[in-house]
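Okay, start.cif now, which holds mmCIF, C-alpha atoms and all ligand atoms:
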data_target
loop_
_atom_site.label_atom_id
_atom_site.label_comp_id
_atom_site.auth_asym_id
_atom_site.auth_seq_id
_atom_site.Cartn_x
_atom_site.Cartn_y
_atom_site.Cartn_z
CA MET C 1 -31.99 -26.34 -54.34
CA ALA C 2 -30.47 -25.63 -50.90
CA GLU C 3 -28.09 -22.67 -50.76
CA PRO C 4 -24.41 -23.63 -50.34
CA GLU C 5 -23.23 -23.05 -46.78
CA PHE C 6 -21.29 -19.77 -46.49
CA ALA C 7 -17.83 -19.83 -44.92
CA THR C 8 -15.26 -17.05 -44.95
CA ASP C 9 -11.81 -18.03 -46.24
CA PHE C 10 -10.25 -16.09 -43.35
CA PRO C 11 -10.61 -16.23 -39.55
CA SER C 12 -13.94 -14.69 -38.59
CA GLU C 13 -16.32 -14.39 -35.65
CA THR C 14 -19.84 -13.24 -34.91
CA VAL C 15 -20.21 -9.96 -33.03
CA LYS C 16 -23.22 -8.12 -31.67
CA GLU C 17 -23.50 -4.40 -32.30
CA GLY C 18 -26.66 -2.35 -31.76
CA LYS C 19 -29.51 -4.77 -32.41
CA VAL C 20 -27.75 -6.98 -34.94
CA ARG C 21 -25.37 -9.92 -35.05
CA VAL C 22 -22.93 -9.98 -37.94
CA VAL C 23 -19.91 -11.99 -39.02
CA VAL C 24 -16.69 -9.96 -39.14
CA PRO C 25 -12.97 -10.77 -39.45
CA LYS C 26 -11.42 -12.05 -36.22
CA LEU C 27 -9.04 -9.15 -35.72
CA GLU C 28 -6.53 -10.82 -33.37
CA ALA C 29 -5.73 -13.30 -36.14
CA PHE C 30 -4.43 -10.46 -38.34
CA LYS C 31 -2.29 -8.76 -35.73
CA LYS C 32 1.28 -9.97 -36.25
CA GLN C 33 2.91 -7.26 -34.13
CA PRO C 34 1.46 -5.19 -31.27
CA SER C 35 1.78 -2.04 -33.42
CA ASP C 36 -0.26 -3.54 -36.30
CA TYR C 37 -3.56 -1.80 -37.09
CA ALA C 38 -5.65 -4.97 -37.40
CA PRO C 39 -8.75 -3.50 -39.15
CA SER C 40 -6.80 -2.74 -42.30
CA LYS C 41 -4.74 -5.99 -42.16
CA ALA C 42 -7.87 -8.13 -42.38
CA PRO C 43 -9.13 -9.12 -45.86
CA VAL C 44 -12.41 -7.33 -45.10
CA PHE C 45 -12.24 -4.05 -43.20
CA TYR C 46 -13.88 -4.00 -39.78
CA ASN C 47 -13.18 -1.51 -37.02
CA PRO C 48 -14.97 -2.05 -33.69
CA VAL C 49 -13.88 1.44 -32.58
CA MET C 50 -16.23 2.88 -35.23
CA GLU C 51 -19.25 1.52 -33.33
CA LEU C 52 -19.92 5.02 -32.00
CA ASN C 53 -19.75 6.41 -35.53
CA ARG C 54 -22.34 3.82 -36.62
CA ASP C 55 -24.51 4.44 -33.53
CA ILE C 56 -24.62 8.16 -34.31
CA ALA C 57 -25.34 7.37 -37.97
CA VAL C 58 -28.35 5.32 -36.82
CA LEU C 59 -29.55 8.17 -34.59
CA ALA C 60 -29.05 10.89 -37.21
CA SER C 61 -30.79 8.82 -39.90
CA GLN C 62 -33.67 8.07 -37.54
CA ALA C 63 -33.92 11.77 -36.63
CA TYR C 64 -34.01 12.58 -40.34
CA GLN C 65 -36.72 9.95 -40.96
CA ARG C 66 -38.81 11.32 -38.08
CA MET C 67 -38.51 14.83 -39.48
CA VAL C 68 -39.50 13.92 -43.06
CA ASN C 69 -42.10 11.48 -41.68
CA ARG C 70 -42.18 8.99 -44.57
CA GLU C 71 -40.46 5.80 -45.66
CA ILE C 72 -36.85 6.38 -46.70
CA SER C 73 -34.14 4.71 -48.78
CA ILE C 74 -30.46 4.61 -47.82
CA CYS C 75 -27.29 3.92 -49.79
CA GLU C 76 -24.04 2.80 -48.19
CA PRO C 77 -21.65 2.59 -51.15
CA LEU C 78 -18.53 1.53 -49.17
CA THR C 79 -19.93 -1.09 -46.86
CA SER C 80 -17.16 -3.65 -46.11
CA SER C 81 -18.79 -6.29 -43.82
CA GLY C 82 -22.20 -4.64 -44.24
CA ILE C 83 -22.52 -3.96 -40.51
CA ARG C 84 -23.66 -0.35 -40.98
CA GLY C 85 -26.27 -1.05 -43.67
CA VAL C 86 -27.63 -4.05 -41.76
CA ARG C 87 -27.99 -1.85 -38.67
CA PHE C 88 -29.79 0.81 -40.73
CA ALA C 89 -32.35 -1.72 -41.98
CA VAL C 90 -32.93 -3.28 -38.55
CA GLU C 91 -32.67 -0.31 -36.20
CA ILE C 92 -34.16 2.63 -38.10
CA HIS C 93 -37.90 2.80 -38.19
CA GLY C 94 -39.34 3.62 -41.65
CA VAL C 95 -36.51 2.29 -43.85
CA LYS C 96 -37.98 0.87 -47.04
CA LYS C 97 -34.74 -0.03 -48.84
CA VAL C 98 -30.98 -0.12 -48.26
CA VAL C 99 -28.50 -0.49 -51.13
CA MET C 100 -24.95 -1.30 -50.13
CA SER C 101 -21.85 -2.09 -52.13
CA ASP C 102 -18.16 -2.89 -51.90
CA ILE C 103 -15.52 -3.23 -54.58
CA ASN C 104 -13.75 -5.95 -52.58
CA GLU C 105 -15.22 -9.32 -53.52
CA ARG C 106 -14.71 -10.86 -50.07
CA ALA C 107 -16.41 -7.85 -48.48
CA PHE C 108 -19.29 -8.14 -50.94
CA LYS C 109 -19.75 -11.84 -50.11
CA LEU C 110 -19.53 -11.22 -46.37
CA ALA C 111 -22.02 -8.33 -46.56
CA LYS C 112 -24.41 -10.57 -48.51
CA HIS C 113 -24.06 -13.25 -45.85
CA ASN C 114 -24.74 -10.76 -43.07
CA VAL C 115 -27.89 -9.61 -44.87
CA HIS C 116 -28.95 -13.27 -45.15
CA ILE C 117 -28.40 -14.21 -41.49
CA ASN C 118 -30.41 -11.16 -40.44
CA GLY C 119 -33.25 -12.12 -42.82
CA LEU C 120 -33.06 -8.82 -44.71
CA GLU C 121 -32.90 -9.93 -48.37
CA GLU C 122 -36.21 -8.23 -49.13
CA ARG C 123 -35.07 -4.80 -47.99
CA ILE C 124 -31.29 -4.78 -48.60
CA SER C 125 -29.61 -5.28 -51.92
CA VAL C 126 -25.84 -5.81 -51.95
CA LYS C 127 -23.75 -4.92 -55.00
CA HIS C 128 -20.20 -5.70 -55.99
CA LYS C 129 -19.58 -2.35 -57.66
CA ASP C 130 -17.30 0.63 -57.52
CA ALA C 131 -18.97 3.24 -55.30
CA ASN C 132 -18.95 5.99 -57.93
CA CYS C 133 -20.34 3.63 -60.54
CA LEU C 134 -23.18 2.56 -58.22
CA LEU C 135 -24.00 6.13 -57.18
CA SER C 136 -23.93 7.37 -60.78
CA CYS C 137 -26.44 4.65 -61.73
CA HIS C 138 -28.72 6.20 -59.11
CA GLY C 139 -28.44 9.76 -60.41
CA ALA C 140 -31.76 9.77 -62.27
CA PRO C 141 -34.84 11.32 -60.59
CA ARG C 142 -36.73 8.24 -59.45
CA LYS C 143 -33.64 6.24 -58.54
CA ARG C 144 -32.22 8.63 -55.97
CA PHE C 145 -31.81 8.00 -52.22
CA ASP C 146 -32.97 9.90 -49.15
CA ILE C 147 -29.69 9.20 -47.34
CA VAL C 148 -26.22 8.46 -48.69
CA ASP C 149 -23.63 7.44 -46.09
CA VAL C 150 -20.06 7.73 -47.38
CA ASP C 151 -17.71 5.98 -44.96
CA PRO C 152 -14.42 5.32 -46.77
CA PHE C 153 -10.75 4.87 -45.89
CA GLY C 154 -9.26 8.36 -45.66
CA SER C 155 -11.02 11.08 -47.60
CA PRO C 156 -14.67 10.92 -48.75
CA VAL C 157 -14.06 13.53 -51.46
CA PRO C 158 -13.64 11.09 -54.42
CA TYR C 159 -17.23 9.91 -53.81
CA LEU C 160 -19.00 13.15 -52.94
CA ASP C 161 -19.94 14.37 -56.41
CA SER C 162 -21.67 11.11 -57.35
CA ALA C 163 -23.18 10.88 -53.83
CA ILE C 164 -24.74 14.34 -54.23
CA ARG C 165 -26.10 13.43 -57.67
CA ALA C 166 -27.66 10.27 -56.20
CA MET C 167 -29.63 12.22 -53.58
CA ARG C 168 -33.26 13.28 -53.55
CA ASN C 169 -34.15 16.88 -52.84
CA LYS C 170 -33.93 17.46 -49.04
CA GLY C 171 -31.87 14.29 -48.65
CA LEU C 172 -29.24 13.75 -45.97
CA LEU C 173 -25.59 13.26 -46.92
CA ALA C 174 -23.32 11.74 -44.27
CA ALA C 175 -19.56 11.65 -44.77
CA THR C 176 -16.65 10.41 -42.65
CA ALA C 177 -13.10 11.71 -43.14
CA THR C 178 -10.22 9.91 -41.43
CA ASP C 179 -7.48 11.82 -43.26
CA LEU C 180 -6.91 14.23 -40.40
CA ALA C 181 -3.24 14.82 -41.23
CA PRO C 182 -4.23 16.86 -44.32
CA LEU C 183 -7.37 18.33 -42.74
CA CYS C 184 -5.58 19.43 -39.56
CA GLY C 185 -2.70 21.03 -41.43
CA VAL C 186 0.08 18.44 -41.06
CA HIS C 187 -0.04 17.91 -44.84
CA ALA C 188 -1.51 21.24 -45.89
CA LYS C 189 -0.90 20.81 -49.63
CA ALA C 190 -2.88 17.53 -49.66
CA CYS C 191 -5.79 19.34 -48.00
CA VAL C 192 -5.78 22.10 -50.61
CA ARG C 193 -5.70 19.48 -53.36
CA LYS C 194 -8.47 17.31 -51.94
CA TYR C 195 -10.74 19.77 -50.16
CA GLY C 196 -9.99 23.01 -52.03
CA GLY C 197 -9.20 24.90 -48.82
CA LYS C 198 -6.10 25.65 -46.74
CA PRO C 199 -6.03 24.05 -43.27
CA LEU C 200 -4.31 25.51 -40.20
CA ARG C 201 -2.55 23.74 -37.31
CA THR C 202 -4.42 25.49 -34.55
CA GLU C 203 -5.91 24.21 -31.28
CA TYR C 204 -9.31 24.18 -33.04
CA CYS C 205 -8.07 22.34 -36.15
CA HIS C 206 -10.73 19.61 -35.77
CA GLU C 207 -13.48 22.20 -36.10
CA LEU C 208 -11.66 23.64 -39.12
CA ALA C 209 -11.52 20.09 -40.54
CA VAL C 210 -15.33 19.83 -40.28
CA ARG C 211 -15.65 23.25 -41.91
CA LEU C 212 -13.22 22.34 -44.72
CA LEU C 213 -15.17 19.15 -45.51
CA ALA C 214 -18.49 21.06 -45.37
CA GLY C 215 -16.99 23.77 -47.61
CA CYS C 216 -15.94 21.12 -50.12
CA ILE C 217 -19.49 19.68 -50.11
CA VAL C 218 -20.91 23.18 -50.75
CA THR C 219 -18.65 23.71 -53.75
CA LEU C 220 -19.39 20.29 -55.26
CA ALA C 221 -23.15 20.62 -54.67
CA ALA C 222 -23.26 24.15 -56.11
CA LYS C 223 -22.06 22.82 -59.50
CA HIS C 224 -25.36 20.94 -59.66
CA ASP C 225 -27.45 23.93 -58.42
CA ILE C 226 -27.78 22.32 -55.00
CA GLY C 227 -27.40 24.06 -51.65
CA ILE C 228 -26.53 22.50 -48.29
CA ARG C 229 -27.21 22.98 -44.59
CA VAL C 230 -25.05 21.22 -42.01
CA VAL C 231 -27.38 19.66 -39.43
CA PHE C 232 -24.84 17.75 -37.34
CA SER C 233 -21.12 17.09 -37.18
CA HIS C 234 -18.66 15.59 -34.75
CA SER C 235 -15.00 14.95 -34.23
CA THR C 236 -14.27 11.69 -32.44
CA ASP C 237 -11.06 9.65 -32.06
CA HIS C 238 -9.27 9.68 -35.42
CA TYR C 239 -12.05 10.99 -37.68
CA ILE C 240 -14.58 13.72 -38.34
CA ARG C 241 -18.10 13.30 -39.59
CA VAL C 242 -20.47 15.75 -41.33
CA TYR C 243 -24.24 15.40 -41.83
CA ALA C 244 -25.60 17.82 -44.42
CA GLU C 245 -29.11 18.25 -45.72
CA ILE C 246 -29.13 19.11 -49.40
CA ALA C 247 -31.70 21.30 -51.17
CA TYR C 248 -32.23 21.64 -54.90
CA GLY C 249 -32.20 25.10 -56.48
CA ALA C 250 -29.70 27.65 -57.82
CA LYS C 251 -30.80 30.14 -55.12
CA LYS C 252 -30.14 27.55 -52.40
CA ALA C 253 -26.68 26.98 -53.89
CA ASP C 254 -26.03 30.76 -53.94
CA GLU C 255 -27.11 31.04 -50.29
CA SER C 256 -24.76 28.21 -49.32
CA ILE C 257 -21.85 29.81 -51.14
CA LYS C 258 -22.42 32.97 -49.08
CA ASN C 259 -21.45 30.88 -46.04
CA LEU C 260 -17.99 30.17 -47.46
CA GLY C 261 -15.11 32.22 -46.16
CA TYR C 262 -11.91 32.25 -44.16
CA VAL C 263 -10.80 32.07 -40.54
CA LEU C 264 -7.90 34.42 -39.84
CA HIS C 265 -5.68 33.44 -36.94
CA CYS C 266 -2.89 35.06 -34.93
CA PHE C 267 -0.43 32.49 -33.60
CA ASN C 268 1.00 35.08 -31.20
CA CYS C 269 -2.05 36.23 -29.20
CA PHE C 270 -4.72 33.65 -30.28
CA HIS C 271 -6.89 36.32 -31.90
CA ARG C 272 -9.10 34.89 -34.64
CA GLU C 273 -11.86 36.20 -36.87
CA ALA C 274 -14.11 34.80 -39.57
CA MET C 275 -14.65 36.71 -42.78
CA GLN C 276 -16.17 36.06 -46.18
CA SER C 277 -13.22 37.37 -48.12
CA PRO C 278 -9.81 38.30 -46.72
CA PHE C 279 -9.47 40.67 -49.67
CA ASN C 280 -12.36 42.95 -48.63
CA GLN C 281 -10.03 44.78 -46.35
CA ARG C 282 -6.26 44.52 -46.34
CA VAL C 283 -6.10 42.14 -43.39
CA GLU C 284 -2.52 41.20 -42.90
CA LYS C 285 -1.81 42.14 -39.32
CA CYS C 286 -3.49 41.05 -36.11
CA PRO C 287 -5.64 43.94 -34.85
CA GLU C 288 -4.78 42.97 -31.25
CA CYS C 289 -0.99 42.54 -31.32
CA GLY C 290 0.18 43.50 -34.82
CA SER C 291 1.66 40.05 -35.64
CA LYS C 292 1.22 38.61 -39.11
CA LEU C 293 -2.09 36.75 -39.50
CA ASP C 294 -2.38 33.29 -41.04
CA TYR C 295 -5.61 31.89 -42.46
CA ALA C 296 -7.65 28.75 -43.14
CA GLY C 297 -10.08 28.39 -46.02
CA PRO C 298 -12.08 28.77 -48.04
CA LEU C 299 -14.29 26.80 -45.68
CA TRP C 300 -17.86 26.66 -44.36
CA LEU C 301 -18.53 29.50 -41.88
CA GLY C 302 -22.21 28.61 -41.35
CA LYS C 303 -23.66 26.50 -38.56
CA ILE C 304 -22.19 23.03 -38.06
CA PHE C 305 -25.06 21.81 -35.84
CA ASP C 306 -28.80 22.40 -36.05
CA LYS C 307 -30.39 22.75 -32.61
CA GLN C 308 -33.66 21.07 -33.58
CA PHE C 309 -31.88 18.19 -35.32
CA CYS C 310 -29.76 17.69 -32.16
CA GLU C 311 -32.92 17.65 -30.05
CA VAL C 312 -34.56 14.94 -32.19
CA MET C 313 -31.32 12.93 -32.08
CA ALA C 314 -31.21 13.27 -28.29
CA GLN C 315 -34.80 11.99 -28.04
CA GLU C 316 -33.97 9.03 -30.26
CA ASN C 317 -30.93 8.26 -28.13
CA MET C 318 -33.22 7.92 -25.10
CA HIS C 319 -35.13 5.09 -26.84
CA VAL C 320 -32.09 2.94 -27.58
CA ALA C 321 -29.62 1.03 -25.45
CA PHE C 322 -26.29 1.36 -27.21
CA ARG C 323 -23.04 0.53 -25.43
CA ASN C 324 -22.15 4.19 -26.13
CA SER C 325 -25.49 5.77 -25.20
CA VAL C 326 -24.16 7.80 -22.25
CA LYS C 327 -21.18 9.08 -24.23
CA ILE C 328 -23.46 9.94 -27.16
CA ALA C 329 -25.96 11.74 -24.91
CA LYS C 330 -23.11 13.97 -23.65
CA LEU C 331 -21.84 14.60 -27.17
CA ILE C 332 -25.30 15.57 -28.49
CA ALA C 333 -26.00 17.77 -25.44
CA LEU C 334 -22.76 19.69 -26.03
CA ALA C 335 -23.44 19.95 -29.78
CA ARG C 336 -26.96 21.25 -29.09
CA GLU C 337 -25.54 24.03 -26.89
CA GLU C 338 -22.71 24.97 -29.22
CA ALA C 339 -25.12 25.10 -32.18
CA GLU C 340 -25.75 28.80 -31.54
CA ALA C 341 -22.23 29.69 -30.40
CA PRO C 342 -19.59 31.59 -32.37
CA ALA C 343 -17.22 29.72 -34.70
CA THR C 344 -13.88 28.48 -33.30
CA TYR C 345 -13.01 27.85 -29.67
CA TYR C 346 -10.16 28.76 -27.35
CA VAL C 347 -8.17 26.21 -25.38
CA ILE C 348 -7.59 27.99 -22.11
CA ASP C 349 -4.46 25.96 -21.32
CA LYS C 350 -2.71 27.41 -24.39
CA ILE C 351 -3.39 30.99 -23.34
CA SER C 352 -2.48 30.30 -19.69
CA ASN C 353 0.77 28.62 -20.73
CA LYS C 354 1.67 31.52 -23.01
CA LEU C 355 1.16 33.93 -20.10
CA SER C 356 2.91 31.53 -17.66
CA LEU C 357 -0.20 31.47 -15.51
CA PRO C 358 -1.79 28.53 -13.69
CA VAL C 359 -4.60 26.93 -15.71
CA PRO C 360 -8.11 27.46 -14.29
CA SER C 361 -10.87 24.89 -14.65
CA VAL C 362 -13.16 25.17 -17.68
CA ALA C 363 -16.11 25.60 -15.28
CA ALA C 364 -14.41 28.57 -13.57
CA MET C 365 -13.64 30.17 -16.91
CA LEU C 366 -17.20 29.69 -18.18
CA ARG C 367 -18.53 31.25 -14.97
CA ILE C 368 -16.33 34.34 -15.16
CA LEU C 369 -17.16 34.85 -18.85
CA HIS C 370 -20.90 34.68 -18.08
CA ASP C 371 -20.43 37.06 -15.13
CA GLU C 372 -18.73 39.52 -17.47
CA GLY C 373 -21.69 39.33 -19.86
CA PHE C 374 -20.13 37.18 -22.59
CA GLN C 375 -21.51 34.09 -24.28
CA ALA C 376 -19.55 31.01 -23.20
CA PHE C 377 -20.07 27.36 -24.06
CA PRO C 378 -18.01 24.19 -23.68
CA THR C 379 -17.44 22.24 -26.91
CA HIS C 380 -17.53 18.54 -27.78
CA PHE C 381 -14.42 19.12 -29.94
CA ASN C 382 -12.15 19.56 -26.92
CA SER C 383 -12.89 19.02 -23.23
CA ARG C 384 -10.63 22.03 -22.45
CA GLY C 385 -12.18 24.24 -25.14
CA ILE C 386 -14.48 27.25 -24.74
CA ARG C 387 -16.58 28.96 -27.40
CA THR C 388 -17.12 32.60 -26.59
CA ASP C 389 -17.72 35.98 -28.16
CA ALA C 390 -15.00 37.41 -25.91
CA SER C 391 -11.78 38.32 -27.73
CA ALA C 392 -8.42 36.68 -27.07
CA LEU C 393 -7.33 39.88 -25.32
CA VAL C 394 -10.35 39.79 -22.99
CA LEU C 395 -9.58 36.14 -22.20
CA GLN C 396 -5.99 37.02 -21.32
CA ASN C 397 -7.21 39.78 -18.98
CA LEU C 398 -9.76 37.46 -17.36
CA LEU C 399 -7.14 34.77 -16.80
CA GLN C 400 -4.95 37.34 -15.05
CA LYS C 401 -7.94 38.47 -13.00
CA ILE C 402 -8.69 34.89 -11.87
CA VAL C 403 -5.08 34.42 -10.74
CA ALA C 404 -5.09 37.77 -8.91
CA THR C 405 -8.36 36.85 -7.12
CA VAL C 406 -6.97 33.46 -6.04
CA LYS C 407 -3.73 35.09 -4.79
CA GLN C 408 -5.79 37.64 -2.91
CA LYS C 409 -7.68 34.83 -1.18
CA VAL C 410 -4.54 32.86 -0.35
CA PHE C 411 -2.33 35.84 0.62
CA PRO C 412 -4.71 38.62 1.74
CA SER C 413 -2.89 41.90 2.37
CA ARG C 414 -2.51 42.58 6.08
C1 LIG C 501 -13.66 2.09 -44.12
S1 LIG C 501 -14.30 0.72 -44.99
C2 LIG C 501 -16.02 0.84 -44.73
C3 LIG C 501 -16.47 0.61 -43.32
C4 LIG C 501 -17.96 0.47 -43.17
N1 LIG C 501 -18.67 1.58 -43.73
C5 LIG C 501 -18.31 0.27 -41.70
O1 LIG C 501 -19.06 1.06 -41.11
O2 LIG C 501 -17.81 -0.71 -41.10
C6 LIG C 501 -14.14 1.19 -46.65
C7 LIG C 501 -14.58 0.12 -47.63
O3 LIG C 501 -14.61 0.70 -48.93
C8 LIG C 501 -14.26 -0.29 -49.87
N2 LIG C 501 -13.85 0.40 -51.09
C9 LIG C 501 -12.69 1.05 -51.36
N3 LIG C 501 -12.77 1.65 -52.57
C10 LIG C 501 -13.99 1.37 -53.07
C11 LIG C 501 -14.67 1.75 -54.25
N4 LIG C 501 -14.08 2.52 -55.18
N5 LIG C 501 -15.94 1.32 -54.42
C12 LIG C 501 -16.55 0.54 -53.51
N6 LIG C 501 -15.95 0.16 -52.36
C13 LIG C 501 -14.69 0.57 -52.14
C14 LIG C 501 -13.17 -1.09 -49.20
O4 LIG C 501 -13.08 -2.38 -49.76
C15 LIG C 501 -13.67 -1.08 -47.73
O5 LIG C 501 -14.38 -2.26 -47.46
ZN ZN C 502 -2.33 38.80 -32.32
#

Could I get this file's structure written as structure tokens?
Amino acid sequence: MAEPEFATDFPSETVKEGKVRVVVPKLEAFKKQPSDYAPSKAPVFYNPVMELNRDIAVLASQAYQRMVNREISICEPLTSSGIRGVRFAVEIHGVKKVVMSDINERAFKLAKHNVHINGLEERISVKHKDANCLLSCHGAPRKRFDIVDVDPFGSPVPYLDSAIRAMRNKGLLAATATDLAPLCGVHAKACVRKYGGKPLRTEYCHELAVRLLAGCIVTLAAKHDIGIRVVFSHSTDHYIRVYAEIAYGAKKADESIKNLGYVLHCFNCFHREAMQSPFNQRVEKCPECGSKLDYAGPLWLGKIFDKQFCEVMAQENMHVAFRNSVKIAKLIALAREEAEAPATYYVIDKISNKLSLPVPSVAAMLRILHDEGFQAFPTHFNSRGIRTDASALVLQNLLQKIVATVKQKVFPSR
């Protein structure tokens, strides 16, 4: 019997993203006022702005597949239109199976249709299940996945425990968080509740957000005697994303826990320091200026990028032609460099403003830091940010030195 023709009961259109064509809601039809956020007004969620998120997910999953060098399985438990899972099956070499699911019936039907029009029924199965229910059904040894990609509305935390249980040893967990108001310290109590760590409204709050999410993954994984290693992360637009490789074993979990700690911050002079426990020493006052220190954490103090993983991702990016390829190449190149750099970054403008000094270019600041023998790297988190092992006090002195040198050139003494 011929299959009944599929038609959405809402305005829809076909879009091309990566190498696939999929049917998605026609967003303009759901925008009643200019201020409306159309993706969440549509009956099935679709956000074209997240294309870069999906592109990077394709690259990271392909890098992972290349590194394990075998066929892999992927689960996307919150799939909406299915665009991400369909891209995984089509664009990633070595994908044996994709399981995707959505609790919304219209999303489930649309995802199924998108699998059908791309001829992927043999490799993708689409479920109409709650994400935690689906993941829990895949918690047994031979049912687990190599990659689980958790891409929800807001926080991924409600799905992380079951996602971790549904992962094979050495699997890759990817998680998006769009709830930046809690993670960046606007709603600090919500962050403590959801992520188990205190955020801080600093200029590097997006990096702290990545570290809070990674810290939460460590704690959840440790309950199952699983350790983690963050291989890639990024902060883009209105969300952050963490890619963590998991490893079975109580010792691995213990090692991961050793990477949990706190970032202490002085809002007066910008001094900051990372430490495993703020109770080791009585750290209350800034060692530079004596002001009271605030803190973020517990959070992940370990690496948030793996250099080799970044390199494989960069190579993969050279073989594809995404609309965002150039932007992604820049992002990965920055991440690769900052992989070895110290935690947290300074935003030079903030220090210059505090000292009422003109703001130098990032390039000039990087140069002077190198000349003085310090490490100095730009960061993808902020185009005006600098990661360095120089202290806040040293930075203040160098900023003053730059201004004095410029003045000297403009008004040389007669
Ligand atoms: C942000 S959208 C997913 C976007 C998609 N991953 C992409 O790349 O386009 C989140 C989806 O999760 C679905 N959802 C919400 N709660 C769920 C649950 N408990 N189980 C399964 N799906 C759920 C929503 O219906 C929505 O389609
Ligand atoms: Zn201080």

Each residue of chain C with at least one atom at most 6 Å from ligand ZN 502 (chain C) should appear once, together with its nearest atom pair and the corresponding distance in Å (one decimal); atoms considered: all atoms listed in the file; ordering: chain, then increasing residue number; output as a tab-separated table.
residue	atom	partner	partner_atom	distance
C:Cys266	CA	C:ZN502	ZN	4.6
C:Asn268	CA	C:ZN502	ZN	5.1
C:Cys269	CA	C:ZN502	ZN	4.1
C:His271	CA	C:ZN502	ZN	5.2
C:Cys286	CA	C:ZN502	ZN	4.6
C:Glu288	CA	C:ZN502	ZN	5.0
C:Cys289	CA	C:ZN502	ZN	4.1
C:Gly290	CA	C:ZN502	ZN	5.9
C:Ser291	CA	C:ZN502	ZN	5.3

Mind dumping the selected residues with C-alpha atoms as a compact mmCIF listing (two decimals), in the frame of the given file?
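The new file part_39.txt reads:
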# COMPACT_ATOMS: atom_id res chain seq x y z
CA CYS C 266 -2.89 35.06 -34.93
CA ASN C 268 1.00 35.08 -31.20
CA CYS C 269 -2.05 36.23 -29.20
CA HIS C 271 -6.89 36.32 -31.90
CA CYS C 286 -3.49 41.05 -36.11
CA GLU C 288 -4.78 42.97 -31.25
CA CYS C 289 -0.99 42.54 -31.32
CA GLY C 290 0.18 43.50 -34.82
CA SER C 291 1.66 40.05 -35.64

Could you name the residues that touch Thr14 in chain C at 8 Å or less, counting only C-alpha atoms, but leaving out those on the same chain fewer than 4 positions away, as an MDAnalysis selection string?
chainID C and resid 21:24

### Message
If we count all atoms listed in the file and set the cut-off at 7 Å, which residues sit around range 52-62 of chain C, ignoring sequence neighbours fewer than 5 positions away in its own chain? Please answer as a ChimeraX atom specification.
### Response
/C:84,88,92-93,313,316-317,324

With the cut-off set at 9 Å and counting only C-alpha atoms and all ligand atoms, tabulate each residue of chain C with an atom at most that distance from an atom of ligand LIG 501 (chain C), showing the nearest atom pair and its distance in Å to one decimal, ordered by chain and increasing number, as a tab-separated table.
residue	atom	partner	partner_atom	distance
C:Pro39	CA	C:LIG501	C1	8.9
C:Ser40	CA	C:LIG501	C1	8.6
C:Pro43	CA	C:LIG501	O4	8.7
C:Val44	CA	C:LIG501	O5	5.9
C:Phe45	CA	C:LIG501	O5	5.1
C:Tyr46	CA	C:LIG501	O2	5.3
C:Asn47	CA	C:LIG501	O2	6.2
C:Pro48	CA	C:LIG501	O2	8.0
C:Met50	CA	C:LIG501	O1	6.8
C:Glu51	CA	C:LIG501	O1	7.8
C:Asn53	CA	C:LIG501	O1	7.8
C:Arg54	CA	C:LIG501	O1	6.2
C:Glu76	CA	C:LIG501	N1	7.1
C:Pro77	CA	C:LIG501	C12	6.0
C:Leu78	CA	C:LIG501	O3	4.0
C:Thr79	CA	C:LIG501	N1	4.3
C:Ser80	CA	C:LIG501	O5	3.4
C:Ser81	CA	C:LIG501	O2	6.3
C:Gly82	CA	C:LIG501	O2	6.7
C:Ile83	CA	C:LIG501	O2	5.8
C:Arg84	CA	C:LIG501	O1	4.8
C:Gly85	CA	C:LIG501	O1	7.9
C:Ser101	CA	C:LIG501	C12	6.1
C:Asp102	CA	C:LIG501	N6	3.8
C:Ile103	CA	C:LIG501	C12	4.1
C:Asn104	CA	C:LIG501	O4	4.6
C:Glu105	CA	C:LIG501	O4	8.2
C:Arg106	CA	C:LIG501	O4	8.6
C:Ala107	CA	C:LIG501	O5	6.0
C:Phe108	CA	C:LIG501	O5	8.4
C:His128	CA	C:LIG501	C12	7.6
C:Lys129	CA	C:LIG501	C12	5.9
C:Asp130	CA	C:LIG501	N5	3.5
C:Ala131	CA	C:LIG501	N5	3.7
C:Asn132	CA	C:LIG501	N5	6.6
C:Cys133	CA	C:LIG501	N5	7.9
C:Leu134	CA	C:LIG501	N5	8.3
C:Asp149	CA	C:LIG501	N1	8.0
C:Val150	CA	C:LIG501	N1	7.3
C:Asp151	CA	C:LIG501	N1	4.7
C:Pro152	CA	C:LIG501	C6	4.1
C:Phe153	CA	C:LIG501	C1	4.4
C:Gly154	CA	C:LIG501	C1	7.8
C:Pro158	CA	C:LIG501	N4	8.6
C:Tyr159	CA	C:LIG501	N4	8.1
C:Thr176	CA	C:LIG501	C1	9.0
C:Thr178	CA	C:LIG501	C1	9.0

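Every protein or nucleic acid residue with an atom no more than 7 Å from Pro342 in chain C, counting only C-alpha atoms and leaving out same-chain residues fewer than 6 positions away, appears here: Arg387, Thr388 and Asp389 of chain C.
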
Requested write-out: C-alpha atoms of the selected residues, as a compact mmCIF listing (two decimals), keeping the file's coordinate frame:
# COMPACT_ATOMS: atom_id res chain seq x y z
CA ARG C 387 -16.58 28.96 -27.40
CA THR C 388 -17.12 32.60 -26.59
CA ASP C 389 -17.72 35.98 -28.16

| field | Residue contacts of Tyr262 in chain C (6 Å, only C-alpha atoms) excluding same-chain residues fewer than 6 positions away, as a list in words | value |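 That gives Ala274, Met275, Ala296, Gly297 and Pro298 of chain C.
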
Nearest residue to Thr344 in chain C out of C:His370, C:Arg211, C:Lys97, C:Lys327, using only C-alpha atoms?
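Selected residue with least distance to Thr344 in chain C: C:Arg211.
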